[in-house]
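Okay, structure first, notes after.
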Amino acid sequence: MNIDKFKPQTVYTIYIASTPEKVWEALTSAEFSRKYFFGNSVEIEQRVGGAYIVRTPDGALHISGEVIECDRPRKLSVTFNVNWPALIEKLGPTLVTYAIEQVGEAVRLTMSEAHDRPLSDDILSGGRQGWPAILSSLKSVLETGKPLVVKMGPPQRMLAALRDLGIATP
Amino acid sequence: MSKPEFVYVTYIKTKPERLWEALTSSEFSRRYWFGTELRSDFKAGSPFALVVDGKATDTGEILEADRPRRLSYTFKHELDDEMRKEGATKVAFTLKPHGDLVKLTLTHEGFAKDSKLLDGISKGWPAILSSLKSLLESGDALAIPLHALGIEGVA
């Protein structure tokens, strides 16, 4: 897939007392991801062109994508498409990139959510609500062994914006 | 296009009162804010300053101090010539209980066009607030070298 047209529209940076290898593991392991990703699990084939999948706690397919860049433990780029009918046709694919850098005794993790067209703040609000909770919890698991229990309702503002575009939501 | 501003949200396993203490006390801030001391009595209308090695790096005035829910102050950079000319911006912290966590929202707004200060604080806040979270949850702040943030003019 050609990603030249994609521009980051949401960026979140967090620093973690950990190592790049452990952060990579946290981002790519099904068992680890369940702890911080609202119970969802990540399944990934760690090679360019490999599959990237996120399943909900009941095993249903939530997000499906493809590995675009895989430079362990520095950079992982995947398409990250929520499995709702009509979403991709209307909004295009989503590209999520994790950059992992050692800084002093910590790791800087930068998540960028990029799109191939400008999206409204309403549409982007779903990710902007979710990423800080997911990545705050990931940090807590790596640093203290204990995930955060972030109770969060559905992203209403985004869902309303999707409905307005005629995109069916669960 | 929305106005240039910086927003950062993080969830911390702590109590609002303890987080308020961390945001307003030099004992805490020295540890998570790159050695910065906070000079203010944190009452609306009072002066506010960030001080490193006895030098004020940033100054302002307390706008709101609704302990332990909301703290805001004006924020003007003092050291770098270009940034000083940009004038005062506004920092606001909102602390909201979220189950057994606190949702901390920082909003920093009021930047000049092509603001150099905006670039600097966008790199600074994630490191400061990540370190604050670590300190409150694990007892240890992060060891991040200031130069690693890549802020122009900060060696």
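We label chains A, B, ... in the order they appear in the structure tokens, count residues from 1 in each chain, and number ligands from 1 in the order shown.
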Using only C-alpha atoms, find the residues of chain B whose closest atom to chain A is at most 7 Å away, then write them as a ChimeraX atom specification.
-> /B:9-11,126-127,130,138,142-145,148
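Residue neighbourhood of Val154 in chain B, excluding near-sequence residues (fewer than 3 positions): Thr57, Leu79, Asp80, Gly120, Ile121, Lys123, Gly124, Pro145, Leu146, His147, Ala148, Leu149, Gly150 and Ile151 of chain B, at 12 Å, using only C-alpha atoms.
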Take the residues just selected and output them with C-alpha atoms as a PDB file, in the first residue's frame.
ATOM      1  CA  THR B  57      12.064  30.222  33.237  1.00  0.00           C
ATOM      2  CA  LEU B  79      14.560  32.852  28.938  1.00  0.00           C
ATOM      3  CA  ASP B  80      14.499  32.482  25.166  1.00  0.00           C
ATOM      4  CA  GLY B 120       8.666  23.586  22.792  1.00  0.00           C
ATOM      5  CA  ILE B 121       5.783  22.897  25.158  1.00  0.00           C
ATOM      6  CA  LYS B 123       7.656  18.309  23.401  1.00  0.00           C
ATOM      7  CA  GLY B 124       7.912  19.184  27.083  1.00  0.00           C
ATOM      8  CA  PRO B 145      17.644  13.803  29.866  1.00  0.00           C
ATOM      9  CA  LEU B 146      16.194  17.234  29.041  1.00  0.00           C
ATOM     10  CA  HIS B 147      18.210  17.475  25.805  1.00  0.00           C
ATOM     11  CA  ALA B 148      16.529  14.283  24.538  1.00  0.00           C
ATOM     12  CA  LEU B 149      13.242  16.150  24.140  1.00  0.00           C
ATOM     13  CA  GLY B 150      14.628  17.913  21.083  1.00  0.00           C
ATOM     14  CA  ILE B 151      13.443  21.376  22.104  1.00  0.00           C
TER      15      ILE B 151
END
Sel. of alpha helix (DSSP H) residues, chain A, as a ChimeraX atom specification = /A:20-28,30-36,87-91,121-144,156-164
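You can rank B:His108, B:His98, B:Lys3, B:Arg67 by their closest distance to Gly153 in chain A using only C-alpha atoms, and at the top of that list sits B:His98.
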With a distance cut-off of 10 Å and only C-alpha atoms, select the neighbouring residues of range 163-167 of chain A, excluding the residue or stretch itself and same-chain residues fewer than 6 positions from it, and output the selection as a ChimeraX atom specification.
-> /A:84-91
List every residue of chain A that DSSP, applied to the backbone of this structure, assigns to strand (DSSP E), and report them as number ranges by chain.
-> A: 7-16, 41-44, 51-55, 61-71, 75-79, 81-82, 94-103, 106-115
Contacts of range 92-97 of chain A at 6 Å or less, counting only C-alpha atoms, minus same-chain residues fewer than 3 places along, as a PDB file with N, CA and C atoms, in the first residue's frame?
ATOM      1  N   LEU A  76       6.813   0.365  14.213  1.00  0.00           N
ATOM      2  CA  LEU A  76       5.778  -0.538  13.717  1.00  0.00           C
ATOM      3  C   LEU A  76       4.674   0.308  13.107  1.00  0.00           C
ATOM      4  N   SER A  77       4.363   0.004  11.856  1.00  0.00           N
ATOM      5  CA  SER A  77       3.329   0.751  11.159  1.00  0.00           C
ATOM      6  C   SER A  77       2.329  -0.254  10.601  1.00  0.00           C
ATOM      7  N   VAL A  78       1.053  -0.048  10.930  1.00  0.00           N
ATOM      8  CA  VAL A  78       0.025  -0.995  10.477  1.00  0.00           C
ATOM      9  C   VAL A  78      -1.213  -0.229  10.004  1.00  0.00           C
ATOM     10  N   THR A  79      -1.925  -0.810   9.056  1.00  0.00           N
ATOM     11  CA  THR A  79      -3.258  -0.265   8.791  1.00  0.00           C
ATOM     12  C   THR A  79      -4.167  -0.800   9.887  1.00  0.00           C
ATOM     13  N   PHE A  80      -5.137   0.009  10.249  1.00  0.00           N
ATOM     14  CA  PHE A  80      -5.862  -0.179  11.510  1.00  0.00           C
ATOM     15  C   PHE A  80      -7.318   0.166  11.206  1.00  0.00           C
ATOM     16  N   ASN A  81      -7.988  -0.804  10.598  1.00  0.00           N
ATOM     17  CA  ASN A  81      -9.319  -0.504  10.078  1.00  0.00           C
ATOM     18  C   ASN A  81     -10.411  -1.139  10.916  1.00  0.00           C
ATOM     19  N   ILE A  88     -14.557   2.177   5.721  1.00  0.00           N
ATOM     20  CA  ILE A  88     -13.397   2.394   4.849  1.00  0.00           C
ATOM     21  C   ILE A  88     -13.787   3.110   3.565  1.00  0.00           C
ATOM     22  N   GLU A  89     -14.926   2.707   2.977  1.00  0.00           N
ATOM     23  CA  GLU A  89     -15.336   3.364   1.724  1.00  0.00           C
ATOM     24  C   GLU A  89     -15.490   4.872   1.917  1.00  0.00           C
ATOM     25  N   MET A 111       2.672   7.506  19.233  1.00  0.00           N
ATOM     26  CA  MET A 111       1.641   6.900  18.404  1.00  0.00           C
ATOM     27  C   MET A 111       1.109   7.968  17.450  1.00  0.00           C
ATOM     28  N   SER A 112       1.108   7.672  16.158  1.00  0.00           N
ATOM     29  CA  SER A 112       0.508   8.591  15.193  1.00  0.00           C
ATOM     30  C   SER A 112      -0.621   7.875  14.476  1.00  0.00           C
ATOM     31  N   GLU A 113      -1.749   8.545  14.411  1.00  0.00           N
ATOM     32  CA  GLU A 113      -2.879   8.012  13.637  1.00  0.00           C
ATOM     33  C   GLU A 113      -3.007   8.877  12.396  1.00  0.00           C
ATOM     34  N   ALA A 114      -2.753   8.273  11.239  1.00  0.00           N
ATOM     35  CA  ALA A 114      -2.728   9.037   9.993  1.00  0.00           C
ATOM     36  C   ALA A 114      -3.856   8.591   9.069  1.00  0.00           C
ATOM     37  N   HIS A 115      -4.263   9.523   8.218  1.00  0.00           N
ATOM     38  CA  HIS A 115      -5.341   9.253   7.263  1.00  0.00           C
ATOM     39  C   HIS A 115      -4.960   9.838   5.908  1.00  0.00           C
TER      40      HIS A 115
END
So that I can check the surroundings of Asp66 in chain B, please list as a JSON list (two decimals) with C-alpha atoms, in the first residue's frame every protein, DNA and RNA residue that reaches within 12 Å of it, counting only C-alpha atoms and ignoring chain neighbours fewer than 5 positions away.
[["chain", "number", "residue", "atom", "x", "y", "z"],
["B", 16, "PRO", "CA", -7.36, 14.13, 43.02],
["B", 17, "GLU", "CA", -5.98, 15.65, 46.23],
["B", 20, "TRP", "CA", -3.28, 18.56, 43.09],
["B", 42, "PHE", "CA", -1.89, 29.17, 44.15],
["B", 43, "LYS", "CA", -4.62, 31.66, 44.89],
["B", 44, "ALA", "CA", -6.52, 33.36, 42.06],
["B", 71, "LEU", "CA", -6.02, 24.92, 38.15],
["B", 72, "SER", "CA", -5.20, 27.49, 35.51],
["B", 73, "TYR", "CA", -2.57, 30.15, 35.08],
["B", 92, "ALA", "CA", -5.30, 24.77, 32.49],
["B", 93, "PHE", "CA", -5.34, 21.46, 34.36],
["B", 94, "THR", "CA", -8.61, 19.63, 34.94],
["B", 95, "LEU", "CA", -8.63, 16.76, 37.46]]
